[in-house]
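Have a look at my_file.pdb; it's PDB, C-alpha atoms and all ligand atoms:
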MODEL        1
ATOM      1  CA  MET A   1      50.254  36.158 113.514
ATOM      2  CA  ARG A   2      49.255  35.846 109.872
ATOM      3  CA  VAL A   3      51.179  37.455 107.031
ATOM      4  CA  ILE A   4      48.797  38.208 104.176
ATOM      5  CA  HIS A   5      49.796  39.438 100.734
ATOM      6  CA  SER A   6      46.476  39.445  98.890
ATOM      7  CA  LEU A   7      43.532  41.781  99.324
ATOM      8  CA  ALA A   8      41.027  38.940  98.889
ATOM      9  CA  GLU A   9      42.655  37.009 101.728
ATOM     10  CA  LEU A  10      42.760  40.109 103.928
ATOM     11  CA  ARG A  11      39.057  40.782 103.349
ATOM     12  CA  ALA A  12      38.199  37.165 104.181
ATOM     13  CA  ALA A  13      40.293  37.305 107.368
ATOM     14  CA  LEU A  14      38.639  40.548 108.512
ATOM     15  CA  ALA A  15      35.066  39.763 107.459
ATOM     16  CA  GLY A  16      32.676  40.790 110.220
ATOM     17  CA  SER A  17      35.315  42.558 112.321
ATOM     18  CA  ALA A  18      34.012  45.917 113.554
ATOM     19  CA  THR A  19      36.845  46.650 115.974
ATOM     20  CA  THR A  20      40.012  46.354 113.877
ATOM     21  CA  ALA A  21      42.931  48.533 114.996
ATOM     22  CA  PHE A  22      45.247  49.507 112.143
ATOM     23  CA  VAL A  23      48.854  50.710 111.954
ATOM     24  CA  PRO A  24      49.914  51.652 108.391
ATOM     25  CA  THR A  25      53.698  51.547 107.787
ATOM     26  CA  MET A  26      56.272  51.359 105.028
ATOM     27  CA  GLY A  27      58.225  48.715 106.945
ATOM     28  CA  ASN A  28      61.827  48.842 108.196
ATOM     29  CA  LEU A  29      60.193  49.066 111.578
ATOM     30  CA  HIS A  30      61.611  50.614 114.725
ATOM     31  CA  GLU A  31      60.460  51.076 118.303
ATOM     32  CA  GLY A  32      58.179  53.964 117.255
ATOM     33  CA  HIS A  33      56.126  51.632 115.054
ATOM     34  CA  LEU A  34      56.085  48.929 117.718
ATOM     35  CA  ALA A  35      54.788  51.436 120.290
ATOM     36  CA  LEU A  36      51.894  52.147 117.886
ATOM     37  CA  VAL A  37      51.179  48.417 117.584
ATOM     38  CA  ARG A  38      51.219  47.981 121.377
ATOM     39  CA  GLN A  39      48.852  50.951 121.734
ATOM     40  CA  ALA A  40      46.645  49.472 118.999
ATOM     41  CA  ARG A  41      46.290  46.310 121.106
ATOM     42  CA  GLN A  42      44.647  48.399 123.832
ATOM     43  CA  LEU A  43      42.239  50.010 121.380
ATOM     44  CA  GLY A  44      40.914  47.242 119.163
ATOM     45  CA  SER A  45      41.152  43.741 117.828
ATOM     46  CA  PRO A  46      42.451  42.298 115.596
ATOM     47  CA  VAL A  47      45.548  44.478 115.199
ATOM     48  CA  VAL A  48      46.517  44.853 111.543
ATOM     49  CA  THR A  49      49.811  46.390 110.410
ATOM     50  CA  SER A  50      50.360  47.139 106.736
ATOM     51  CA  ILE A  51      53.806  47.149 105.186
ATOM     52  CA  PHE A  52      53.861  48.823 101.797
ATOM     53  CA  VAL A  53      56.500  51.132 100.328
ATOM     54  CA  ASN A  54      54.230  53.536  98.490
ATOM     55  CA  ARG A  55      55.777  54.714  95.225
ATOM     56  CA  LEU A  56      53.173  57.502  94.926
ATOM     57  CA  GLN A  57      54.652  59.459  97.819
ATOM     58  CA  PHE A  58      58.239  59.513  96.561
ATOM     59  CA  LEU A  59      59.569  62.194  94.209
ATOM     60  CA  PRO A  60      61.580  60.910  91.218
ATOM     61  CA  ASN A  61      64.869  61.925  92.918
ATOM     62  CA  GLU A  62      63.983  60.352  96.288
ATOM     63  CA  ASP A  63      64.920  57.042  97.878
ATOM     64  CA  PHE A  64      62.075  54.757  96.663
ATOM     65  CA  ASP A  65      64.418  52.143  95.190
ATOM     66  CA  ARG A  66      66.817  52.065  98.113
ATOM     67  CA  TYR A  67      64.146  52.323 100.827
ATOM     68  CA  PRO A  68      64.960  49.321 103.062
ATOM     69  CA  ARG A  69      62.654  46.316 102.533
ATOM     70  CA  THR A  70      63.041  44.124 105.633
ATOM     71  CA  LEU A  71      59.868  42.026 105.724
ATOM     72  CA  ALA A  72      61.191  38.986 107.645
ATOM     73  CA  ARG A  73      62.718  41.146 110.388
ATOM     74  CA  ASP A  74      59.622  43.380 110.508
ATOM     75  CA  CYS A  75      57.325  40.366 110.920
ATOM     76  CA  ALA A  76      59.409  39.013 113.811
ATOM     77  CA  LEU A  77      59.199  42.402 115.552
ATOM     78  CA  LEU A  78      55.462  42.705 114.906
ATOM     79  CA  GLU A  79      54.769  39.267 116.309
ATOM     80  CA  GLY A  80      56.614  40.262 119.500
ATOM     81  CA  ALA A  81      54.582  43.479 119.745
ATOM     82  CA  GLY A  82      51.247  41.658 119.528
ATOM     83  CA  CYS A  83      50.210  42.239 115.924
ATOM     84  CA  ASP A  84      47.617  39.753 114.623
ATOM     85  CA  ILE A  85      47.778  40.332 110.877
ATOM     86  CA  VAL A  86      50.505  41.804 108.663
ATOM     87  CA  PHE A  87      49.138  43.030 105.346
ATOM     88  CA  ALA A  88      52.091  43.199 102.952
ATOM     89  CA  PRO A  89      50.773  43.575  99.395
ATOM     90  CA  ASP A  90      53.167  43.986  96.491
ATOM     91  CA  GLU A  91      52.698  46.854  94.046
ATOM     92  CA  ALA A  92      50.718  44.731  91.582
ATOM     93  CA  GLU A  93      48.279  43.852  94.371
ATOM     94  CA  LEU A  94      47.661  47.368  95.687
ATOM     95  CA  TYR A  95      48.037  49.150  92.344
ATOM     96  CA  PRO A  96      46.925  46.532  89.782
ATOM     97  CA  GLU A  97      46.507  49.357  87.302
ATOM     98  CA  PRO A  98      48.060  52.846  87.416
ATOM     99  CA  GLN A  99      46.479  54.739  90.311
ATOM    100  CA  THR A 100      45.083  57.632  88.285
ATOM    101  CA  TYR A 101      42.271  58.357  90.750
ATOM    102  CA  LYS A 102      43.983  60.183  93.591
ATOM    103  CA  LEU A 103      43.025  62.109  96.680
ATOM    104  CA  THR A 104      44.508  65.607  96.452
ATOM    105  CA  PRO A 105      44.416  67.356  99.829
ATOM    106  CA  PRO A 106      43.795  71.127  99.946
ATOM    107  CA  ALA A 107      46.827  73.230  99.055
ATOM    108  CA  VAL A 108      46.253  75.484 102.044
ATOM    109  CA  ILE A 109      47.647  72.735 104.251
ATOM    110  CA  ALA A 110      49.253  70.241 101.865
ATOM    111  CA  ASP A 111      51.521  72.689 100.032
ATOM    112  CA  LEU A 112      53.227  74.013 103.164
ATOM    113  CA  LEU A 113      56.298  72.663 104.939
ATOM    114  CA  GLU A 114      56.780  69.064 103.732
ATOM    115  CA  GLY A 115      54.457  69.728 100.789
ATOM    116  CA  GLU A 116      56.567  72.695  99.676
ATOM    117  CA  PHE A 117      59.775  70.670  99.626
ATOM    118  CA  ARG A 118      58.172  67.392  98.455
ATOM    119  CA  PRO A 119      55.503  68.419  95.922
ATOM    120  CA  GLY A 120      52.818  65.759  95.542
ATOM    121  CA  PHE A 121      53.950  63.929  98.673
ATOM    122  CA  PHE A 122      50.656  64.349 100.508
ATOM    123  CA  THR A 123      48.591  63.357  97.475
ATOM    124  CA  GLY A 124      50.566  60.094  97.510
ATOM    125  CA  VAL A 125      50.109  59.672 101.257
ATOM    126  CA  CYS A 126      46.380  60.470 101.310
ATOM    127  CA  THR A 127      45.712  58.256  98.290
ATOM    128  CA  VAL A 128      47.405  55.203  99.758
ATOM    129  CA  VAL A 129      46.013  55.743 103.261
ATOM    130  CA  LEU A 130      42.476  56.109 101.903
ATOM    131  CA  LYS A 131      42.970  52.945  99.842
ATOM    132  CA  LEU A 132      44.395  51.048 102.824
ATOM    133  CA  PHE A 133      41.468  52.268 104.940
ATOM    134  CA  HIS A 134      39.112  50.754 102.343
ATOM    135  CA  CYS A 135      41.077  47.488 102.374
ATOM    136  CA  VAL A 136      41.274  47.130 106.165
ATOM    137  CA  GLN A 137      38.112  49.021 107.223
ATOM    138  CA  PRO A 138      39.460  49.662 110.708
ATOM    139  CA  ALA A 139      37.617  51.174 113.645
ATOM    140  CA  VAL A 140      40.797  52.935 114.747
ATOM    141  CA  ALA A 141      44.036  53.877 112.959
ATOM    142  CA  LEU A 142      47.253  55.011 114.593
ATOM    143  CA  PHE A 143      49.968  57.352 113.275
ATOM    144  CA  GLY A 144      53.095  58.837 114.823
ATOM    145  CA  GLN A 145      53.197  62.524 115.722
ATOM    146  CA  LYS A 146      56.696  62.788 114.261
ATOM    147  CA  ASP A 147      54.915  63.194 110.926
ATOM    148  CA  TYR A 148      52.759  65.960 112.361
ATOM    149  CA  GLN A 149      51.512  67.403 109.079
ATOM    150  CA  GLN A 150      50.727  63.926 107.740
ATOM    151  CA  LEU A 151      48.723  63.150 110.874
ATOM    152  CA  MET A 152      46.802  66.416 110.533
ATOM    153  CA  LEU A 153      45.962  65.787 106.864
ATOM    154  CA  ILE A 154      44.856  62.204 107.493
ATOM    155  CA  SER A 155      42.677  63.306 110.434
ATOM    156  CA  GLN A 156      41.050  66.012 108.290
ATOM    157  CA  MET A 157      40.589  63.669 105.314
ATOM    158  CA  THR A 158      38.961  61.043 107.524
ATOM    159  CA  ALA A 159      36.597  63.598 109.064
ATOM    160  CA  GLN A 160      35.666  65.348 105.806
ATOM    161  CA  LEU A 161      34.993  62.058 104.006
ATOM    162  CA  ALA A 162      32.951  60.832 106.997
ATOM    163  CA  LEU A 163      34.998  57.653 107.312
ATOM    164  CA  PRO A 164      33.933  55.762 110.460
ATOM    165  CA  ILE A 165      37.522  55.580 111.708
ATOM    166  CA  ARG A 166      39.032  57.091 114.846
ATOM    167  CA  VAL A 167      42.452  58.518 113.904
ATOM    168  CA  ILE A 168      44.901  58.601 116.797
ATOM    169  CA  GLY A 169      48.268  60.367 116.923
ATOM    170  CA  SER A 170      50.882  58.933 119.236
ATOM    171  CA  PRO A 171      53.865  60.712 120.763
ATOM    172  CA  THR A 172      57.204  60.558 118.949
ATOM    173  CA  VAL A 173      59.515  57.872 120.291
ATOM    174  CA  ARG A 174      63.085  59.106 120.736
ATOM    175  CA  ALA A 175      66.518  57.525 121.142
ATOM    176  CA  ALA A 176      68.331  58.123 124.433
ATOM    177  CA  ASP A 177      70.052  61.235 123.019
ATOM    178  CA  GLY A 178      66.741  62.742 121.833
ATOM    179  CA  LEU A 179      66.819  61.902 118.116
ATOM    180  CA  ALA A 180      63.326  60.993 116.863
ATOM    181  CA  LEU A 181      63.226  57.374 115.699
ATOM    182  CA  SER A 182      62.811  57.097 111.933
ATOM    183  CA  SER A 183      63.372  54.396 109.346
ATOM    184  CA  ARG A 184      65.652  56.838 107.549
ATOM    185  CA  ASN A 185      68.039  57.017 110.558
ATOM    186  CA  ALA A 186      69.410  53.731 109.189
ATOM    187  CA  TYR A 187      70.975  55.713 106.323
ATOM    188  CA  LEU A 188      73.157  57.752 108.721
ATOM    189  CA  SER A 189      76.864  56.952 109.095
ATOM    190  CA  ALA A 190      78.169  56.666 112.681
ATOM    191  CA  THR A 191      79.453  60.248 112.520
ATOM    192  CA  GLU A 192      76.163  61.526 111.109
ATOM    193  CA  ARG A 193      74.196  59.588 113.719
ATOM    194  CA  ALA A 194      76.153  61.360 116.482
ATOM    195  CA  GLU A 195      75.515  64.722 114.804
ATOM    196  CA  ALA A 196      71.803  64.065 114.118
ATOM    197  CA  VAL A 197      70.715  65.112 117.617
ATOM    198  CA  ALA A 198      71.531  68.698 116.585
ATOM    199  CA  LEU A 199      68.109  68.803 114.859
ATOM    200  CA  PRO A 200      65.956  68.214 117.985
ATOM    201  CA  LEU A 201      68.345  70.463 119.921
ATOM    202  CA  ALA A 202      67.738  73.266 117.410
ATOM    203  CA  LEU A 203      63.965  72.837 117.830
ATOM    204  CA  GLN A 204      64.382  72.935 121.604
ATOM    205  CA  ALA A 205      66.503  76.102 121.340
ATOM    206  CA  ILE A 206      63.760  77.841 119.346
ATOM    207  CA  ALA A 207      61.072  76.754 121.823
ATOM    208  CA  SER A 208      63.226  77.883 124.777
ATOM    209  CA  ALA A 209      63.852  81.306 123.243
ATOM    210  CA  LEU A 210      60.109  81.861 122.758
ATOM    211  CA  ARG A 211      59.322  80.560 126.216
ATOM    212  CA  ALA A 212      61.860  83.073 127.560
ATOM    213  CA  GLY A 213      59.905  85.875 125.876
ATOM    214  CA  ALA A 214      61.646  86.388 122.521
ATOM    215  CA  THR A 215      59.310  88.054 120.003
ATOM    216  CA  ASP A 216      61.548  88.229 116.914
ATOM    217  CA  LEU A 217      60.312  84.892 115.561
ATOM    218  CA  ALA A 218      62.115  85.129 112.220
ATOM    219  CA  GLY A 219      65.370  86.030 113.977
ATOM    220  CA  VAL A 220      65.088  83.136 116.439
ATOM    221  CA  GLU A 221      64.404  80.670 113.610
ATOM    222  CA  ARG A 222      67.179  82.087 111.417
ATOM    223  CA  ALA A 223      69.770  81.765 114.206
ATOM    224  CA  GLN A 224      69.119  78.011 114.423
ATOM    225  CA  VAL A 225      69.026  77.557 110.628
ATOM    226  CA  ASP A 226      72.409  79.296 110.436
ATOM    227  CA  ALA A 227      73.789  77.210 113.325
ATOM    228  CA  LEU A 228      72.756  73.955 111.617
ATOM    229  CA  ARG A 229      74.185  75.150 108.308
ATOM    230  CA  ALA A 230      77.474  75.950 110.027
ATOM    231  CA  ARG A 231      77.585  72.347 111.282
ATOM    232  CA  GLY A 232      77.234  71.029 107.717
ATOM    233  CA  TRP A 233      73.460  70.524 107.520
ATOM    234  CA  GLN A 234      71.227  71.676 104.659
ATOM    235  CA  PRO A 235      68.077  72.876 106.444
ATOM    236  CA  ASP A 236      64.790  73.073 104.488
ATOM    237  CA  TYR A 237      62.922  74.769 107.309
ATOM    238  CA  LEU A 238      62.902  75.355 111.059
ATOM    239  CA  THR A 239      59.667  77.143 111.766
ATOM    240  CA  VAL A 240      57.163  77.871 114.515
ATOM    241  CA  ARG A 241      53.537  77.273 113.574
ATOM    242  CA  ARG A 242      50.102  77.211 115.168
ATOM    243  CA  ARG A 243      49.147  73.655 116.095
ATOM    244  CA  SER A 244      45.596  74.130 114.830
ATOM    245  CA  ASP A 245      46.351  74.935 111.178
ATOM    246  CA  LEU A 246      50.157  75.048 110.727
ATOM    247  CA  ARG A 247      50.015  78.757 109.858
ATOM    248  CA  VAL A 248      52.684  81.210 111.003
ATOM    249  CA  PRO A 249      51.597  82.678 114.366
ATOM    250  CA  SER A 250      50.823  86.380 114.536
ATOM    251  CA  THR A 251      52.412  88.569 117.217
ATOM    252  CA  ALA A 252      49.168  88.262 119.183
ATOM    253  CA  ASP A 253      49.368  84.460 118.854
ATOM    254  CA  LEU A 254      52.941  84.543 120.147
ATOM    255  CA  THR A 255      52.126  86.562 123.206
ATOM    256  CA  GLY A 256      48.781  84.862 123.804
ATOM    257  CA  ARG A 257      48.007  81.301 124.723
ATOM    258  CA  VAL A 258      47.649  79.926 121.186
ATOM    259  CA  PRO A 259      49.093  76.369 121.109
ATOM    260  CA  LEU A 260      52.294  76.305 119.058
ATOM    261  CA  LEU A 261      54.845  73.839 117.796
ATOM    262  CA  VAL A 262      58.176  74.107 116.063
ATOM    263  CA  LEU A 263      58.832  71.904 113.043
ATOM    264  CA  GLY A 264      62.089  71.181 111.287
ATOM    265  CA  ALA A 265      63.386  69.381 108.222
ATOM    266  CA  ALA A 266      67.039  69.262 107.247
ATOM    267  CA  LYS A 267      69.425  67.127 105.277
ATOM    268  CA  LEU A 268      72.499  65.653 106.923
ATOM    269  CA  GLY A 269      74.681  64.248 104.163
ATOM    270  CA  ALA A 270      72.243  62.419 101.887
ATOM    271  CA  THR A 271      69.639  61.808 104.607
ATOM    272  CA  ARG A 272      66.681  64.104 105.158
ATOM    273  CA  LEU A 273      65.377  64.141 108.738
ATOM    274  CA  ILE A 274      62.222  65.741 110.104
ATOM    275  CA  ASP A 275      61.087  66.412 113.647
ATOM    276  CA  ASN A 276      58.756  68.646 115.633
ATOM    277  CA  LEU A 277      58.154  69.772 119.188
ATOM    278  CA  GLU A 278      54.982  71.087 120.786
ATOM    279  CA  PHE A 279      55.626  73.748 123.399
ATOM    280  CA  ASP A 280      53.775  76.056 125.749
ATOM    281  CA  ARG A 281      54.682  79.500 126.974
TER     282      ARG A 281
HETATM  283  O1  LIG B 301      54.221  57.399 107.595
HETATM  284  C1  LIG B 301      54.356  56.463 106.787
HETATM  285  O2  LIG B 301      55.078  55.493 107.029
HETATM  286  C2  LIG B 301      53.638  56.548 105.448
HETATM  287  O3  LIG B 301      53.535  57.860 105.002
HETATM  288  C3  LIG B 301      52.264  55.866 105.465
HETATM  289  C4  LIG B 301      51.309  56.577 106.402
HETATM  290  C5  LIG B 301      52.400  54.409 105.875
HETATM  291  C6  LIG B 301      51.650  55.909 104.058
HETATM  292  O4  LIG B 301      52.442  55.250 103.136
ENDMDL
END
Spit out the file's structure as structure tokens when you get a sec.
Amino acid sequence: MRVIHSLAELRAALAGSATTAFVPTMGNLHEGHLALVRQARQLGSPVVTSIFVNRLQFLPNEDFDRYPRTLARDCALLEGAGCDIVFAPDEAELYPEPQTYKLTPPAVIADLLEGEFRPGFFTGVCTVVLKLFHCVQPAVALFGQKDYQQLMLISQMTAQLALPIRVIGSPTVRAADGLALSSRNAYLSATERAEAVALPLALQAIASALRAGATDLAGVERAQVDALRARGWQPDYLTVRRRSDLRVPSTADLTGRVPLLVLGAAKLGATRLIDNLEFDR
């Protein structure tokens, strides 16, 4: 496995490759990332993983400075998972001058949910992913479904800009108790880690209530928001949406066969966790 820090070296290494499989990450890798790399091995070659903590997608009050940088450990894990090339540029390499040209996704999808609570987040994500796509020029790129809205925006961006890249979303990898794996789980204290499973359980409770025929969507969501709050969480949202466009389902959608999911974001102590669950009725 090669670890490459410069764009010129990356381009030379990938020259002529039409089947590159790409896994973009911000490092501090966990089993969810490694599952993407293993899946990438089945879909293309060489497998390239990028590790870049992207300042553009952090708000001023967020954890950019303390986001864990664990390159040596990440590289060891990637080698074990079958990665061929790690692209780990520093900021001066990827943003040699201020990135004033940005990709701003449409508000109708980017200003909801995560975009409402993290304004500008998806502009930062789309800008860096588009730039990384230009650097790596993959045939296929893989993203986790835990970041459902991110996956949807990147899929739409890739299609609308006619990029010749197949974007694949892979199922969320969970710990034994059901907590979705996330780099930010490392911030949780032991007590918080034990409590964190309350988030996926709240999503499951909402899905179960709707599966059982509940029609008061707002009431069902509010009950779980209140329950999390009572346990010491600060929920941003727990909400049922249509899978196709992340809009709130109508009553007809709820009673019909429209594919739905429930998404949640909540802070436990200083750590903000997100998760989602697709469900059928
Ligand atoms: O999901 C992530 O880790 C990041 O948002 C991504 C896609 C690597 C862009 O920085």
Exercise. Grab me every residue within 8 Å of ligand LIG 301 (chain B), counting only C-alpha atoms and all ligand atoms, and send it over as a PyMOL selection string.
Key: chain A and resi 23-27+50-54+57+124-126+128-129+143-144+147+150
Quiz item: Quick one, how far is atom CA of A:Asp275 from atom CA of A:Leu103?
Solution: 25.2 Å
Exercise. Between atom CA of A:Tyr67 and atom CA of A:Ala186, measure the distance and give it in Å to one decimal.
Key: 10.0 Å
Exercise. Specify as a PyMOL selection string each residue included when the PyMOL selection byres (((chain A and resi 181) around 8) and not hetatm) is applied to this file.
Key: chain A and resi 30-32+172-175+179-180+182-183+185
Exercise. For the structure shown, which residues end up in the PyMOL selection byres (((chain A and resi 246) around 9) and not hetatm)? Put them as a ChimeraX atom specification, please?
Key: /A:109,112-113,149,240-245,247-249,260-261
Practice problem: Work out how far atom CA of A:Ile168 is from atom CA of A:Leu142, in Å to one decimal. | Solution: 4.8 Å
Exercise. Name every residue that the PyMOL selection byres (((chain A and resi 165) around 12) and not hetatm) selects in this structure, writing the answer as an MDAnalysis selection string with chains first and numbers rising.
Key: chainID A and resid 18:22 44 129:130 133:134 136:142 154:164 166:168
Self-check item: Residues within 12 Å of A:Leu228, all atoms listed in the file, excluding chain neighbours under 2 positions, as a ChimeraX atom specification
Solution: /A:195-203,205,221-226,230-238,264-268
